[in-house]
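> This is work_23.pdb (PDB, N, CA and C atoms).
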```pdb
ATOM      1  N   ARG A 287     125.273 -75.838  30.709
ATOM      2  CA  ARG A 287     125.563 -75.919  32.128
ATOM      3  C   ARG A 287     127.063 -75.876  32.333
ATOM      4  N   ARG A 288     127.460 -75.299  33.419
ATOM      5  CA  ARG A 288     128.890 -75.203  33.713
ATOM      6  C   ARG A 288     129.466 -76.519  34.223
ATOM      7  N   ASP A 289     128.614 -77.371  34.773
ATOM      8  CA  ASP A 289     129.105 -78.647  35.307
ATOM      9  C   ASP A 289     128.951 -79.793  34.311
ATOM     10  N   ALA A 290     128.837 -79.502  33.028
ATOM     11  CA  ALA A 290     128.633 -80.541  32.017
ATOM     12  C   ALA A 290     129.884 -81.391  31.800
ATOM     13  N   GLY A 291     131.060 -80.818  31.980
ATOM     14  CA  GLY A 291     132.284 -81.589  31.887
ATOM     15  C   GLY A 291     133.002 -81.440  30.555
ATOM     16  N   ALA A 292     134.176 -82.027  30.515
ATOM     17  CA  ALA A 292     135.033 -81.930  29.328
ATOM     18  C   ALA A 292     134.493 -82.757  28.170
ATOM     19  N   ALA A 293     133.858 -83.881  28.473
ATOM     20  CA  ALA A 293     133.312 -84.716  27.398
ATOM     21  C   ALA A 293     132.222 -83.971  26.624
ATOM     22  N   SER A 294     131.451 -83.165  27.325
ATOM     23  CA  SER A 294     130.428 -82.364  26.659
ATOM     24  C   SER A 294     131.068 -81.317  25.753
ATOM     25  N   CYS A 295     132.153 -80.733  26.193
ATOM     26  CA  CYS A 295     132.858 -79.741  25.377
ATOM     27  C   CYS A 295     133.428 -80.383  24.113
ATOM     28  N   VAL A 296     134.072 -81.528  24.263
ATOM     29  CA  VAL A 296     134.627 -82.236  23.103
ATOM     30  C   VAL A 296     133.502 -82.682  22.170
ATOM     31  N   GLY A 297     132.416 -83.179  22.730
ATOM     32  CA  GLY A 297     131.269 -83.591  21.924
ATOM     33  C   GLY A 297     130.653 -82.432  21.161
ATOM     34  N   ASN A 298     130.600 -81.260  21.790
ATOM     35  CA  ASN A 298     130.068 -80.080  21.107
ATOM     36  C   ASN A 298     130.958 -79.659  19.949
ATOM     37  N   VAL A 299     132.263 -79.754  20.115
ATOM     38  CA  VAL A 299     133.171 -79.394  19.021
ATOM     39  C   VAL A 299     133.006 -80.362  17.855
ATOM     40  N   VAL A 300     132.931 -81.647  18.151
ATOM     41  CA  VAL A 300     132.730 -82.646  17.092
ATOM     42  C   VAL A 300     131.381 -82.419  16.409
ATOM     43  N   TRP A 301     130.345 -82.170  17.203
ATOM     44  CA  TRP A 301     129.013 -81.906  16.652
ATOM     45  C   TRP A 301     129.019 -80.668  15.764
ATOM     46  N   LEU A 302     129.683 -79.605  16.217
ATOM     47  CA  LEU A 302     129.734 -78.362  15.459
ATOM     48  C   LEU A 302     130.411 -78.560  14.108
ATOM     49  N   VAL A 303     131.484 -79.329  14.085
ATOM     50  CA  VAL A 303     132.227 -79.538  12.839
ATOM     51  C   VAL A 303     131.433 -80.388  11.857
ATOM     52  N   PHE A 304     130.812 -81.450  12.335
ATOM     53  CA  PHE A 304     130.185 -82.402  11.419
ATOM     54  C   PHE A 304     128.718 -82.115  11.099
ATOM     55  N   ALA A 305     127.947 -81.585  12.040
ATOM     56  CA  ALA A 305     126.511 -81.432  11.787
ATOM     57  C   ALA A 305     125.932 -80.099  12.236
ATOM     58  N   GLY A 306     126.521 -79.462  13.218
ATOM     59  CA  GLY A 306     125.911 -78.285  13.822
ATOM     60  C   GLY A 306     125.780 -77.102  12.899
ATOM     61  N   TRP A 307     126.810 -76.833  12.120
ATOM     62  CA  TRP A 307     126.741 -75.639  11.269
ATOM     63  C   TRP A 307     125.759 -75.826  10.139
ATOM     64  N   TRP A 308     125.571 -77.072   9.668
ATOM     65  CA  TRP A 308     124.552 -77.333   8.642
ATOM     66  C   TRP A 308     123.156 -77.081   9.201
ATOM     67  N   LEU A 309     122.924 -77.552  10.413
ATOM     68  CA  LEU A 309     121.615 -77.334  11.028
ATOM     69  C   LEU A 309     121.364 -75.853  11.297
ATOM     70  N   ALA A 310     122.374 -75.160  11.784
ATOM     71  CA  ALA A 310     122.216 -73.729  12.058
ATOM     72  C   ALA A 310     121.960 -72.953  10.771
ATOM     73  N   LEU A 311     122.667 -73.293   9.714
ATOM     74  CA  LEU A 311     122.452 -72.638   8.428
ATOM     75  C   LEU A 311     121.042 -72.906   7.914
ATOM     76  N   GLY A 312     120.562 -74.121   8.086
ATOM     77  CA  GLY A 312     119.189 -74.451   7.691
ATOM     78  C   GLY A 312     118.164 -73.655   8.475
ATOM     79  N   HIS A 313     118.408 -73.459   9.782
ATOM     80  CA  HIS A 313     117.483 -72.666  10.594
ATOM     81  C   HIS A 313     117.514 -71.196  10.182
ATOM     82  N   VAL A 314     118.684 -70.684   9.825
ATOM     83  CA  VAL A 314     118.768 -69.287   9.382
ATOM     84  C   VAL A 314     117.996 -69.090   8.082
ATOM     85  N   ILE A 315     118.230 -69.971   7.124
ATOM     86  CA  ILE A 315     117.568 -69.841   5.822
ATOM     87  C   ILE A 315     116.059 -70.014   5.960
ATOM     88  N   THR A 316     115.648 -71.010   6.716
ATOM     89  CA  THR A 316     114.218 -71.241   6.911
ATOM     90  C   THR A 316     113.571 -70.094   7.687
ATOM     91  N   GLY A 317     114.276 -69.573   8.700
ATOM     92  CA  GLY A 317     113.738 -68.453   9.470
ATOM     93  C   GLY A 317     113.551 -67.210   8.625
ATOM     94  N   ILE A 318     114.517 -66.919   7.755
ATOM     95  CA  ILE A 318     114.382 -65.765   6.868
ATOM     96  C   ILE A 318     113.224 -65.971   5.900
ATOM     97  N   ALA A 319     113.110 -67.177   5.342
ATOM     98  CA  ALA A 319     112.023 -67.456   4.401
ATOM     99  C   ALA A 319     110.654 -67.351   5.074
ATOM    100  N   LEU A 320     110.563 -67.792   6.317
ATOM    101  CA  LEU A 320     109.278 -67.717   7.015
ATOM    102  C   LEU A 320     108.925 -66.290   7.425
ATOM    103  N   CYS A 321     109.928 -65.476   7.701
ATOM    104  CA  CYS A 321     109.655 -64.094   8.120
ATOM    105  C   CYS A 321     109.222 -63.192   6.969
ATOM    106  N   VAL A 322     109.221 -63.702   5.753
ATOM    107  CA  VAL A 322     108.781 -62.903   4.612
ATOM    108  C   VAL A 322     107.283 -62.627   4.707
ATOM    109  N   SER A 323     106.513 -63.606   5.152
ATOM    110  CA  SER A 323     105.068 -63.401   5.269
ATOM    111  C   SER A 323     104.702 -63.098   6.723
ATOM    112  N   ILE A 324     103.601 -62.425   6.904
ATOM    113  CA  ILE A 324     103.153 -62.059   8.250
ATOM    114  C   ILE A 324     102.773 -63.303   9.055
ATOM    115  N   ILE A 325     102.201 -64.268   8.403
ATOM    116  CA  ILE A 325     101.760 -65.482   9.094
ATOM    117  C   ILE A 325     102.959 -66.304   9.570
ATOM    118  N   GLY A 326     104.055 -66.270   8.845
ATOM    119  CA  GLY A 326     105.210 -67.088   9.184
ATOM    120  C   GLY A 326     106.176 -66.473  10.167
ATOM    121  N   ILE A 327     105.944 -65.227  10.595
ATOM    122  CA  ILE A 327     106.894 -64.551  11.494
ATOM    123  C   ILE A 327     107.086 -65.303  12.820
ATOM    124  N   PRO A 328     106.027 -65.778  13.499
ATOM    125  CA  PRO A 328     106.269 -66.525  14.746
ATOM    126  C   PRO A 328     107.083 -67.799  14.530
ATOM    127  N   LEU A 329     106.838 -68.482  13.427
ATOM    128  CA  LEU A 329     107.610 -69.694  13.146
ATOM    129  C   LEU A 329     109.049 -69.347  12.772
ATOM    130  N   GLY A 330     109.250 -68.245  12.081
ATOM    131  CA  GLY A 330     110.597 -67.803  11.758
ATOM    132  C   GLY A 330     111.380 -67.441  13.005
ATOM    133  N   LEU A 331     110.735 -66.759  13.941
ATOM    134  CA  LEU A 331     111.397 -66.429  15.201
ATOM    135  C   LEU A 331     111.730 -67.686  16.002
ATOM    136  N   ALA A 332     110.865 -68.685  15.957
ATOM    137  CA  ALA A 332     111.146 -69.951  16.627
ATOM    138  C   ALA A 332     112.350 -70.638  15.988
ATOM    139  N   ASN A 333     112.496 -70.532  14.673
ATOM    140  CA  ASN A 333     113.672 -71.086  14.007
ATOM    141  C   ASN A 333     114.941 -70.383  14.459
ATOM    142  N   PHE A 334     114.886 -69.062  14.629
ATOM    143  CA  PHE A 334     116.062 -68.325  15.096
ATOM    144  C   PHE A 334     116.442 -68.721  16.520
ATOM    145  N   LYS A 335     115.451 -69.072  17.338
ATOM    146  CA  LYS A 335     115.735 -69.506  18.704
ATOM    147  C   LYS A 335     116.413 -70.877  18.743
ATOM    148  N   LEU A 336     116.232 -71.671  17.703
ATOM    149  CA  LEU A 336     116.830 -73.006  17.668
ATOM    150  C   LEU A 336     118.282 -73.009  17.207
ATOM    151  N   ILE A 337     118.789 -71.887  16.731
ATOM    152  CA  ILE A 337     120.164 -71.843  16.214
ATOM    153  C   ILE A 337     121.199 -72.173  17.294
ATOM    154  N   PRO A 338     121.169 -71.573  18.497
ATOM    155  CA  PRO A 338     122.193 -71.931  19.486
ATOM    156  C   PRO A 338     122.131 -73.394  19.917
ATOM    157  N   ILE A 339     120.933 -73.943  19.971
ATOM    158  CA  ILE A 339     120.798 -75.341  20.377
ATOM    159  C   ILE A 339     121.302 -76.274  19.287
ATOM    160  N   SER A 340     121.096 -75.906  18.025
ATOM    161  CA  SER A 340     121.580 -76.758  16.945
ATOM    162  C   SER A 340     123.094 -76.662  16.793
ATOM    163  N   LEU A 341     123.700 -75.567  17.225
ATOM    164  CA  LEU A 341     125.154 -75.453  17.144
ATOM    165  C   LEU A 341     125.846 -76.272  18.224
ATOM    166  N   MET A 342     125.403 -76.144  19.467
ATOM    167  CA  MET A 342     126.044 -76.848  20.583
ATOM    168  C   MET A 342     124.985 -77.420  21.520
ATOM    169  N   PRO A 343     124.491 -78.631  21.224
ATOM    170  CA  PRO A 343     123.378 -79.170  22.005
ATOM    171  C   PRO A 343     123.777 -79.873  23.306
ATOM    172  N   LEU A 344     125.005 -80.325  23.422
ATOM    173  CA  LEU A 344     125.392 -81.112  24.593
ATOM    174  C   LEU A 344     125.651 -80.212  25.795
ATOM    175  N   GLY A 345     125.182 -80.644  26.946
ATOM    176  CA  GLY A 345     125.353 -79.879  28.174
ATOM    177  C   GLY A 345     124.255 -78.868  28.421
ATOM    178  N   ARG A 346     123.225 -78.843  27.602
ATOM    179  CA  ARG A 346     122.108 -77.916  27.803
ATOM    180  C   ARG A 346     121.142 -78.511  28.818
ATOM    181  N   GLU A 347     120.474 -77.648  29.539
ATOM    182  CA  GLU A 347     119.470 -78.090  30.500
ATOM    183  C   GLU A 347     118.094 -77.868  29.900
ATOM    184  N   ILE A 348     117.306 -78.923  29.824
ATOM    185  CA  ILE A 348     115.960 -78.850  29.286
ATOM    186  C   ILE A 348     114.999 -78.650  30.451
ATOM    187  N   VAL A 349     114.230 -77.591  30.382
ATOM    188  CA  VAL A 349     113.332 -77.229  31.471
ATOM    189  C   VAL A 349     111.907 -77.418  30.999
ATOM    190  N   PRO A 350     111.067 -78.123  31.756
ATOM    191  CA  PRO A 350     109.671 -78.283  31.347
ATOM    192  C   PRO A 350     108.926 -76.948  31.412
ATOM    193  N   THR A 351     108.025 -76.745  30.478
ATOM    194  CA  THR A 351     107.304 -75.471  30.423
ATOM    195  C   THR A 351     105.988 -75.511  31.180
ATOM    196  N   ASP A 352     105.588 -76.656  31.691
ATOM    197  CA  ASP A 352     104.309 -76.714  32.405
ATOM    198  C   ASP A 352     104.437 -76.309  33.872
ATOM    199  N   GLN A 353     105.636 -76.076  34.365
ATOM    200  CA  GLN A 353     105.826 -75.640  35.737
ATOM    201  C   GLN A 353     105.913 -74.120  35.786
ATOM    202  N   PRO A 354     105.370 -73.512  36.837
ATOM    203  CA  PRO A 354     105.511 -72.060  36.977
ATOM    204  C   PRO A 354     106.963 -71.694  37.247
ATOM    205  N   PHE A 355     107.331 -70.455  36.942
ATOM    206  CA  PHE A 355     108.706 -70.011  37.102
ATOM    207  C   PHE A 355     109.162 -70.010  38.550
ATOM    208  N   ALA A 356     108.252 -69.840  39.484
ATOM    209  CA  ALA A 356     108.627 -69.745  40.888
ATOM    210  C   ALA A 356     109.106 -71.073  41.443
ATOM    211  N   THR A 357     108.702 -72.194  40.856
ATOM    212  CA  THR A 357     109.079 -73.497  41.394
ATOM    213  C   THR A 357     110.376 -74.029  40.793
ATOM    214  N   ARG A 358     110.962 -73.328  39.849
ATOM    215  CA  ARG A 358     112.205 -73.822  39.226
ATOM    216  C   ARG A 358     113.390 -73.569  40.075
TER     217      ARG A 358
END
```
Translate this structure into structure tokens?


Amino acid sequence: RRDAGAASCVGNVVWLVFAGWWLALGHVITGIALCVSIIGIPLGLANFKLIPISLMPLGREIVPTDQPFATR
């Protein structure tokens, strides 16, 4: 979000340095390993979708999936 503030930016930098890149690397490796088999491709793609969130999680907006798109 653009209105997350400076504390969110500083927190994201600290997170990225200490934990974010390890998590992102784990998602990349796991996603590649899962995409080797046909059954694991959906789970591998889900791992690839988690990479941006694991790199910079602060200031993200979590949207419930049970609501239709028109009501958001």

> Skip Val314 in chain A itself and residues of its chain fewer than 5 positions away, then list as an mmCIF file with N, CA and C atoms, in the coordinates of the input all residues within 6.5 Å of it, counting all atoms listed in the file.


```cif
data_model
loop_
_atom_site.group_PDB
_atom_site.id
_atom_site.type_symbol
_atom_site.label_atom_id
_atom_site.label_comp_id
_atom_site.auth_asym_id
_atom_site.auth_seq_id
_atom_site.Cartn_x
_atom_site.Cartn_y
_atom_site.Cartn_z
ATOM 1 N N LEU A 309 122.924 -77.552 10.413
ATOM 2 C CA LEU A 309 121.615 -77.334 11.028
ATOM 3 C C LEU A 309 121.364 -75.853 11.297
ATOM 4 N N ALA A 319 113.110 -67.177 5.342
ATOM 5 C CA ALA A 319 112.023 -67.456 4.401
ATOM 6 C C ALA A 319 110.654 -67.351 5.074
ATOM 7 N N ASN A 333 112.496 -70.532 14.673
ATOM 8 C CA ASN A 333 113.672 -71.086 14.007
ATOM 9 C C ASN A 333 114.941 -70.383 14.459
ATOM 10 N N PHE A 334 114.886 -69.062 14.629
ATOM 11 C CA PHE A 334 116.062 -68.325 15.096
ATOM 12 C C PHE A 334 116.442 -68.721 16.520
#
```

> Any idea what's packed within 8 Å of Gly297 in chain A, counting only N, CA and C atoms, ignoring anything in its chain fewer than 4 positions away? Could you give it as number ranges by chain?

A: 292-293, 301-303, 342-344

> Can you work out the spacing between atom N of Glu347 in chain A and atom C of Ala290 in chain A in Å, to one decimal?

10.4 Å

> Residues of chain A classed as alpha helix (DSSP H) by DSSP on the backbone are to be reported as an MDAnalysis selection string.

chainID A and resid 292:301 307:320 327:335 337:341

> Rounded to one decimal in Å, what is the spacing between CA of Ile348 in chain A and atom N of Ala310 in chain A?

19.0 Å

> Have a look at A:Leu329, A:Leu336, A:Leu341, A:Cys321 and name the one nearest to Ala305 in chain A; count only N, CA and C atoms.

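Ranked by minimum distance to Ala305 in chain A, first place goes to A:Leu341.
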
> What does the distance between atom C of Pro328 in chain A and atom N of Gly345 in chain A come to in Å, to one decimal place?

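Result for atom C of Pro328 in chain A versus atom N of Gly345 in chain A: 25.4 Å, one decimal.
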